[in-house]
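*Asks:* One structure, pasted below without further comment.
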Amino acid sequence: MCSVVGYVGHRQSCSLILDGLSRLEYRGYDSSGFACIDTQTRHLGCTKAVGRLSNLVQLLQKEPINGNVGIGHTRWSTHGIPSERNAHPHFDCHKKMAVVHNGIIENYQILKAALQGEGHLFSSDTDTEVIVHVFEQEYAQTESAKEAVLRTVEQLQGAYACVLILEDQPDKLIGIRKSSPLCVGRGKNEMFIASDVLAFSGQVEEVAFFPQETFAFVAADAVEAYDFLGNPVSLFFEKLDALWITAEKEGHEHFMLKEIYEQKSAIYKTVASCSSLGASLWEKSGISSDAMKAIKRIKIIGCGTSWHAGRIAEFFFEETTGISTTAALASEFRYRTFFPESDTLYIAISQSGETADTLEVVRMLRQHGQTVLALTNVASSTLVRECGGFLLTQAGPEMAVASTKAFTTQIAALYWLSQRIAYERGKITQEAFEHAQDALLVAGEFLENGIDSYKHQIFEKLASFYANFETFIFLGRHISYPFALEAALKLKEIAYVFSQAYPAGELKHGPLALVDDQTPVCIFSHPDPAIYQKILSNAQEVASRKGRILSFSFEGQKELQTLSEHSFIFPTIHPHLSVIAMTGVMQILMYAIAKARGCEIDRPRNLAKSVTVE
Ligand code: G6P
């Protein structure tokens with residue numbers, strides 16, 4: 001997604017904003033721009049560049065613009081191609097005010113046509129530009145910035161986090177938030193505004209989040225905030241967790257590699273944090289122990305990798321707690337017929353806690369009085385603020401767009417929760433619950449041991465071999481099918497290789513026609529002997545069509561290993577935890593293939609880490 005950063009204070013805004021934008025570049029990176037009120041001329045100066053932020057940095061190094069109040073933006077285009085013309089900031093007709101924006105103005109075409117009819121001149125193809133022209137119009141009429149914002153937000157439909165800078169009010173910025181996240185960082189006689197606290201990069205110790213549908217005049221020493229009805233609201237400042245503002249690669253070539261290696265420790269921290277909750281779990285999760293005992297259905301909502309974690313957790317909840325569980329894609333769930341049910345627990349999963357589709361489902365569920373538990377990695381996220389309760393994963397900041405440690409910690413937390421609910425409902429003993437917690441840590445060990453055992457083979461031999469193929473089929477059964485979905489997603493995201501995951505049982509209903517010696521078939525086995533036998537039959541179907549099999553198997557699964565061109569072998573473990581054991585090797589393999597293909601890895605083309613538009 002796009003990211004916005006603003007600064008008002010006593011220092012030069014340019015380097016601070018560029019530094020902030022570089023930390024948010026993960027959200028979007030096809031063009032960028034900076035504007036500030038020039039200290040000398042007192043007018044707005046602006047520079048924009050297409051491509052990576054480094055292009056903007058170079059331009060500003062050659063021709064600096066100095067000013068203490070500024071705004072900046074990195075763009076992930078939705079409306080209008082990536083170009084200098086469409087890069088933010090966007091200006092009013094007289095270049096006296098500018099805006100940077102994250103989100104989508106859904107009714108921009110109607111607004112634009114009306115404004116053009118009144119003589120407004122537009123310079124881009126973006127939806128964003130209407131914001132500043134609507135504001136310009138209303139400001140001219142009301143001569144009050146507050147009134148103008150109120151009249152502007154009345155007209156804008158969609159989601160937006162934006163920052164306005166006005167030449168005639170050179171000591172402040174205006175931040176406006178509807179749905180998309182926006183926060184303000186408070187320093188000593190200086191303030192930042194940004195889409196994500198990461199932008200403050202060690203500059204401030206306190207942060208406040210704009211509540212839904214609010215705006216604020218942000219000056220160096222004060223913040224004056226209002227809701228969309230014009231009532232004053234207070235922003236609540238809290239201390240920033242240092243961990244979240246110092247994410248570095250620490251010697252690794254990519255964030256993704258570093259994050260793959262952090263998984264054992266992240267699982268450990270997640271289990272420790274969950275179990276430290278004790279009886280307070282029920283209070284934190286917003287559902288009492290009695291209500292938990294009465295639950296008849298669990299519905300999990302998420303997008304991308306978080307949805308895959310939810311699909312995997314279906315097996316945990318159904319087989320451990322006996323509660324019927326389904327995981328749905330947020331973007332699909334929203335447009336299906338909704339049946340409110342009082343005995344359903346909803347779990348909304350989101351690494352960032354800012355994914356627009358997931359948040360919209362949560363809002364709809366809450367309006368219907370449903371119980372929604374957030375599972376997220378970011379304690380300060382919108383998801384936590386909008387759900388009835390929350391459970392946190394402890395992955396730490398995940399910077400690579402492709403999710404790795406967030407995925408394993410989500411699985412660990414969901415597995416832990418399923419065991420905890422089973423214990424609460426009298427399905428398992430305390431001893432069994434404690435054993436399950438230990439087993440999670442063992443799975444984390446297996447994950448790391450797998451990487452250690454196979455990384456040389458993968459980097460030195462397998463990656464360059466598999467990097468030559470343009471299509472892959474991934475097969476799994478039972479819990480290894482959603483795992484196959486995640487593996488296929490990783491390969492698509494970072495190596496740009498078309499890959500399709502199928503339930504192995506569906507092979508003969510179509511995908512078998514695709515099997516040839518140009519399409520590797522990656523089979524994820526299962527520790528359960530009965531399921532393994534079925535997977536083996538599927539592998540034989542592939543082998544007899546001269547398909548090249550790459551398998552992830554378990555000790556003793558000799559037949560599958562013999563049929564495979566390459567096989568990674570894992571210690572036998574409970575089926576529910578087998579996916580954790582396989583995760584490290586799967587991710588390293590996809591990473592190494594992407595690297596062998598010369599891909600960018602941490603910031604794949606066209607993608608963004610946090611998708612804050614629907
Ligand atoms: C984007 C990211 C994925 C992520 C998905 C959901 O597509 O690139 O890695 O799985 O969003 O994000 P969330 O923060 O809600 O888990």
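Simple scheme: letters A, B, ... for chains in structure tokens order, numbers from 1 for residues in each chain, numbers from 1 for ligands in the order shown.
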Need to verify the contact set: A:Ile131, 12 Å, only C-alpha atoms, exclusion of same-chain residues closer than 2 positions in sequence. Can you return it as JSON, numbers by chain?

*Replies:* {"A": [88, 89, 90, 91, 92, 97, 98, 99, 100, 101, 102, 103, 104, 105, 106, 107, 108, 109, 111, 112, 115, 122, 126, 127, 128, 129, 133, 134, 135, 136, 137, 138, 139, 148, 149, 151, 152, 153, 154, 155, 156, 157, 158, 159, 160, 161, 162, 163, 164, 176]}

*Asks:* For ligand 1, list the contacting residues at 6 Å or closer, counting only C-alpha atoms and all ligand atoms, as a PyMOL selection string.

*Replies:* chain A and resi 303-306+350-353+355+401-403+608-611

*Asks:* So which one's closest to A:Tyr423, A:Ser289, A:Gln203, A:Thr382, A:Thr583? Using only C-alpha atoms, please.

*Replies:*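 Of the candidates, the smallest distance to A:Tyr423 is held by A:Ser289.
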
*Asks:* Using DSSP on the backbone coordinates, identify the residues of stretch 392-577 of chain A assigned to strand (DSSP E or B); present them as a PyMOL selection string.

*Replies:* chain A and resi 392+471-476+498-503+521-524+549-554+566-570

*Asks:* When distances are computed from only C-alpha atoms, which of A:Leu365, A:Val372, A:Ile17, A:Ala327 shows the smallest separation from A:Lys284?

*Replies:* A:Val372

*Asks:* Need to verify the contact set: A:Ala219, 12 Å, only C-alpha atoms, exclusion of same-chain residues closer than 5 positions in sequence. Can you return it as a ChimeraX atom specification?

*Replies:* /A:6-10,68-70,165,169-175,184-193,224-225

*Asks:* What is the distance between atom CA of A:Ile300 and atom CA of A:Thr344, in Å to one decimal?

*Replies:*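 Computing the Euclidean distance for atom CA of A:Ile300 and atom CA of A:Thr344 yields 10.3 Å.
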
*Asks:* Would you kindly return, as an NGL selection string, each protein, DNA or RNA residue with an atom no farther than 7 Å from any atom of stretch 474-482 of chain A, considering only C-alpha atoms and excluding same-chain residues fewer than 2 positions away?

*Replies:* :A and (308 or 311-312 or 315 or 472 or 484-486 or 488 or 500-504 or 521-526 or 579)

*Asks:* Quick one, how far is atom CA of A:Ile494 from atom CA of A:Ala356?

*Replies:*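 Separation between atom CA of A:Ile494 and atom CA of A:Ala356: 22.6 Å.
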
*Asks:* So how far away is atom CA of A:Phe316 from atom CA of A:Ile428, in Å?

*Replies:*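 Going from atom CA of A:Ile428 over to atom CA of A:Phe316 covers 13.3 Å.
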